[in-house]
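Chemist: If it helps, the file is called input22.pdb and holds PDB, C-alpha atoms:
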```
ATOM      1  CA  MET A   1      -4.673  19.888 -47.552
ATOM      2  CA  ASN A   2      -7.851  21.172 -45.913
ATOM      3  CA  ASN A   3      -9.411  17.732 -46.310
ATOM      4  CA  ASP A   4      -6.509  16.224 -44.353
ATOM      5  CA  ILE A   5      -7.076  18.696 -41.518
ATOM      6  CA  ILE A   6     -10.809  17.956 -41.485
ATOM      7  CA  LYS A   7     -10.173  14.186 -41.498
ATOM      8  CA  THR A   8      -7.667  14.511 -38.650
ATOM      9  CA  GLY A   9     -10.091  16.660 -36.637
ATOM     10  CA  MET A  10     -12.943  14.216 -37.229
ATOM     11  CA  SER A  11     -10.698  11.300 -36.304
ATOM     12  CA  ASN A  12      -9.687  13.011 -33.044
ATOM     13  CA  MET A  13     -13.349  13.718 -32.247
ATOM     14  CA  VAL A  14     -14.304  10.095 -32.855
ATOM     15  CA  ASP A  15     -11.334   8.897 -30.765
ATOM     16  CA  THR A  16     -12.274  11.234 -27.914
ATOM     17  CA  GLU A  17     -15.922  10.194 -28.033
ATOM     18  CA  SER A  18     -15.110   6.496 -28.159
ATOM     19  CA  THR A  19     -12.602   6.932 -25.311
ATOM     20  CA  LEU A  20     -15.276   8.603 -23.184
ATOM     21  CA  LEU A  21     -17.720   5.802 -23.957
ATOM     22  CA  ALA A  22     -15.073   3.192 -23.158
ATOM     23  CA  ASP A  23     -14.307   4.954 -19.859
ATOM     24  CA  MET A  24     -17.993   5.030 -18.924
ATOM     25  CA  TYR A  25     -18.426   1.393 -19.875
ATOM     26  CA  ALA A  26     -15.293   0.378 -17.957
ATOM     27  CA  SER A  27     -16.407   2.233 -14.826
ATOM     28  CA  HIS A  28     -19.793   0.530 -15.025
ATOM     29  CA  LEU A  29     -18.107  -2.832 -15.604
ATOM     30  CA  VAL A  30     -15.848  -2.374 -12.573
ATOM     31  CA  SER A  31     -18.856  -1.642 -10.360
ATOM     32  CA  GLN A  32     -20.683  -4.698 -11.735
ATOM     33  CA  ILE A  33     -17.663  -6.912 -11.064
ATOM     34  CA  GLU A  34     -17.328  -5.472  -7.561
ATOM     35  CA  ASN A  35     -20.961  -6.308  -6.788
ATOM     36  CA  SER A  36     -20.898  -9.752  -8.404
ATOM     37  CA  GLY A  37     -19.512 -12.850  -6.754
ATOM     38  CA  ASP A  38     -19.828 -14.979  -9.882
ATOM     39  CA  HIS A  39     -17.101 -16.010 -12.276
ATOM     40  CA  ILE A  40     -16.983 -13.843 -15.356
ATOM     41  CA  SER A  41     -15.215 -13.877 -18.701
ATOM     42  CA  LEU A  42     -14.236 -10.668 -20.486
ATOM     43  CA  THR A  43     -13.112  -9.831 -23.999
ATOM     44  CA  PHE A  44     -11.692  -6.371 -24.696
ATOM     45  CA  THR A  45     -10.448  -4.292 -27.546
ATOM     46  CA  ALA A  46      -7.126  -2.562 -26.850
ATOM     47  CA  GLN A  47      -8.962   0.698 -26.137
ATOM     48  CA  GLY A  48     -11.444  -1.080 -23.888
ATOM     49  CA  ALA A  49      -8.634  -2.757 -21.970
ATOM     50  CA  LEU A  50      -6.956   0.602 -21.373
ATOM     51  CA  ALA A  51     -10.215   2.163 -20.211
ATOM     52  CA  PHE A  52     -10.851  -0.811 -17.940
ATOM     53  CA  ALA A  53      -7.357  -0.493 -16.468
ATOM     54  CA  LYS A  54      -7.913   3.234 -15.842
ATOM     55  CA  ALA A  55     -11.234   2.495 -14.138
ATOM     56  CA  LEU A  56      -9.573  -0.130 -11.935
ATOM     57  CA  ILE A  57      -6.799   2.282 -10.993
ATOM     58  CA  ALA A  58      -9.372   4.944 -10.105
ATOM     59  CA  MET A  59     -11.277   2.437  -7.967
ATOM     60  CA  VAL A  60      -8.085   1.354  -6.166
ATOM     61  CA  ASP A  61      -7.090   4.981  -5.562
ATOM     62  CA  GLU A  62     -10.525   5.710  -4.102
ATOM     63  CA  LYS A  63     -10.396   2.643  -1.834
ATOM     64  CA  LYS A  64      -6.842   3.525  -0.778
ATOM     65  CA  SER A  65      -7.895   7.040   0.240
ATOM     66  CA  GLN A  66     -10.777   5.565   2.255
ATOM     67  CA  VAL A  67      -8.391   3.175   4.010
ATOM     68  CA  ASP A  68      -5.938   6.013   4.696
ATOM     69  CA  GLU A  69      -8.756   8.079   6.224
ATOM     70  CA  SER A  70      -9.913   5.178   8.397
ATOM     71  CA  LYS A  71      -6.334   4.571   9.576
ATOM     72  CA  HIS A  72      -6.126   8.215  10.584
ATOM     73  CA  GLU A  73      -9.448   7.966  12.387
ATOM     74  CA  ASP A  74      -8.331   4.745  14.059
ATOM     75  CA  SER A  75      -5.297   6.139  15.844
ATOM     76  CA  LEU A  76      -4.786   5.208  19.477
ATOM     77  CA  ILE A  77      -5.401   7.518  22.420
ATOM     78  CA  PRO A  78      -3.731   6.924  25.820
ATOM     79  CA  LYS A  79      -6.001   5.969  28.719
ATOM     80  CA  LYS A  80      -5.369   9.224  30.642
ATOM     81  CA  ASP A  81      -6.423  11.296  27.638
ATOM     82  CA  VAL A  82      -9.591   9.230  27.252
ATOM     83  CA  MET A  83     -10.443   9.696  30.912
ATOM     84  CA  SER A  84     -10.096  13.475  30.717
ATOM     85  CA  ARG A  85     -11.815  13.689  27.337
ATOM     86  CA  LEU A  86     -14.854  11.684  28.461
ATOM     87  CA  GLY A  87     -14.775  12.807  32.097
ATOM     88  CA  VAL A  88     -14.689   9.254  33.481
ATOM     89  CA  THR A  89     -12.576   7.309  35.989
ATOM     90  CA  HIS A  90     -10.458   4.147  35.793
ATOM     91  CA  ALA A  91     -13.379   2.206  37.272
ATOM     92  CA  THR A  92     -15.761   3.412  34.565
ATOM     93  CA  LEU A  93     -13.369   2.385  31.805
ATOM     94  CA  TRP A  94     -12.906  -0.992  33.502
ATOM     95  CA  ASN A  95     -16.701  -1.478  33.698
ATOM     96  CA  TRP A  96     -17.105  -0.458  30.042
ATOM     97  CA  GLU A  97     -14.481  -3.019  29.069
ATOM     98  CA  LYS A  98     -16.293  -5.789  30.956
ATOM     99  CA  LYS A  99     -19.544  -4.825  29.226
ATOM    100  CA  HIS A 100     -17.757  -4.569  25.827
ATOM    101  CA  TYR A 101     -18.897  -0.962  25.593
ATOM    102  CA  LEU A 102     -15.403   0.492  25.053
ATOM    103  CA  MET A 103     -12.606  -1.974  24.479
ATOM    104  CA  PRO A 104      -9.001  -1.034  25.241
ATOM    105  CA  VAL A 105      -5.917  -1.896  23.229
ATOM    106  CA  LYS A 106      -3.134  -3.050  25.504
ATOM    107  CA  ILE A 107       0.448  -2.654  24.326
ATOM    108  CA  GLY A 108       2.741  -4.024  26.970
ATOM    109  CA  ARG A 109       1.624  -2.385  30.197
ATOM    110  CA  LYS A 110       0.149   0.658  28.471
ATOM    111  CA  VAL A 111      -3.554   0.991  27.720
ATOM    112  CA  PHE A 112      -4.938   2.825  24.697
ATOM    113  CA  TYR A 113      -8.318   3.262  23.031
ATOM    114  CA  HIS A 114      -9.254   3.643  19.370
ATOM    115  CA  SER A 115      -9.923   7.299  18.643
ATOM    116  CA  GLY A 116     -12.958   6.410  16.512
ATOM    117  CA  ASP A 117     -14.550   4.578  19.455
ATOM    118  CA  VAL A 118     -13.849   7.486  21.799
ATOM    119  CA  ASP A 119     -15.200   9.980  19.256
ATOM    120  CA  ASN A 120     -18.431   7.958  18.975
ATOM    121  CA  LEU A 121     -18.903   8.127  22.747
ATOM    122  CA  SER A 122     -18.157  11.834  23.023
ATOM    123  CA  LYS A 123     -20.828  12.781  20.434
TER     124      LYS A 123
END
```
Could you write out this file's structure as structure tokens?

Modeler:
Amino acid sequence: MNNDIIKTGMSNMVDTESTLLADMYASHLVSQIENSGDHISLTFTAQGALAFAKALIAMVDEKKSQVDESKHEDSLIPKKDVMSRLGVTHATLWNWEKKHYLMPVKIGRKVFYHSGDVDNLSK
């Protein structure tokens, strides 16, 4: 009976170690694929395929959080708020638009600016 417990414990240790190695390999493989524009062919074991899938999911989650952050940073600010925030006039904003220094976003008759662009100018 003790031998069965030892075998089970050893088996779990080997499974855990091989899972960690597969995860590390899969993460490395995902980064290599991301940086490579060439066609590739892959062959996986079942465990390797699962680790690769987990690494892909982690990469997608990370990219999604980056996109969500950039969307938040890229909200629109009304023209009046930009003028008071930067301490400029309509004429200044018009000149900046002509020089492509700060480009507005026009929605109907309303004028907005990307908050990221305004933040870069106010620094």

Chemist: Of the candidates A:Lys63, A:Lys123, A:Lys110, A:His28, which shows the shortest atom-to-atom distance to Lys80 of chain A, using all atoms listed in the file?

Modeler: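 Selected residue with least distance to Lys80 of chain A: A:Lys110.
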
Chemist: Just how far from atom CA of Ser115 of chain A is atom CA of Val60 of chain A, in Å to one decimal?

Modeler: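 Going from atom CA of Val60 of chain A over to atom CA of Ser115 of chain A covers 25.6 Å.
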
Chemist: Env of Pro104 of chain A: 10 Å cut, atoms = only C-alpha atoms, seq-sep filter 5 positions within chain, self excluded. Answer as a list of chain:residue names.

Modeler: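 Close residues of Pro104 of chain A: A:Leu76, A:Ile77, A:Pro78, A:Lys79, A:Leu93, A:Trp94, A:Trp96, A:Glu97, A:Lys110, A:Val111, A:Phe112, A:Tyr113, A:His114, A:Asp117.
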
Chemist: Please write as a ChimeraX atom specification the full residue list that the PyMOL selection byres ((chain A and resi 50) around 12) yields on this file.

Modeler: /A:19-20,22-23,25-27,44-49,51-57

Chemist: What separation in Å, quoted to one decimal, exists between atom CA of Leu86 of chain A and atom CA of Tyr101 of chain A?

Modeler: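 Atom-to-atom, atom CA of Leu86 of chain A to atom CA of Tyr101 of chain A, that is 13.6 Å.
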
Chemist: Would you mind reading off the distance between atom CA of Thr89 of chain A and atom CA of Gly116 of chain A, one decimal, in Å?

Modeler: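 Atom CA of Gly116 of chain A lies at a distance of 19.5 Å from atom CA of Thr89 of chain A.
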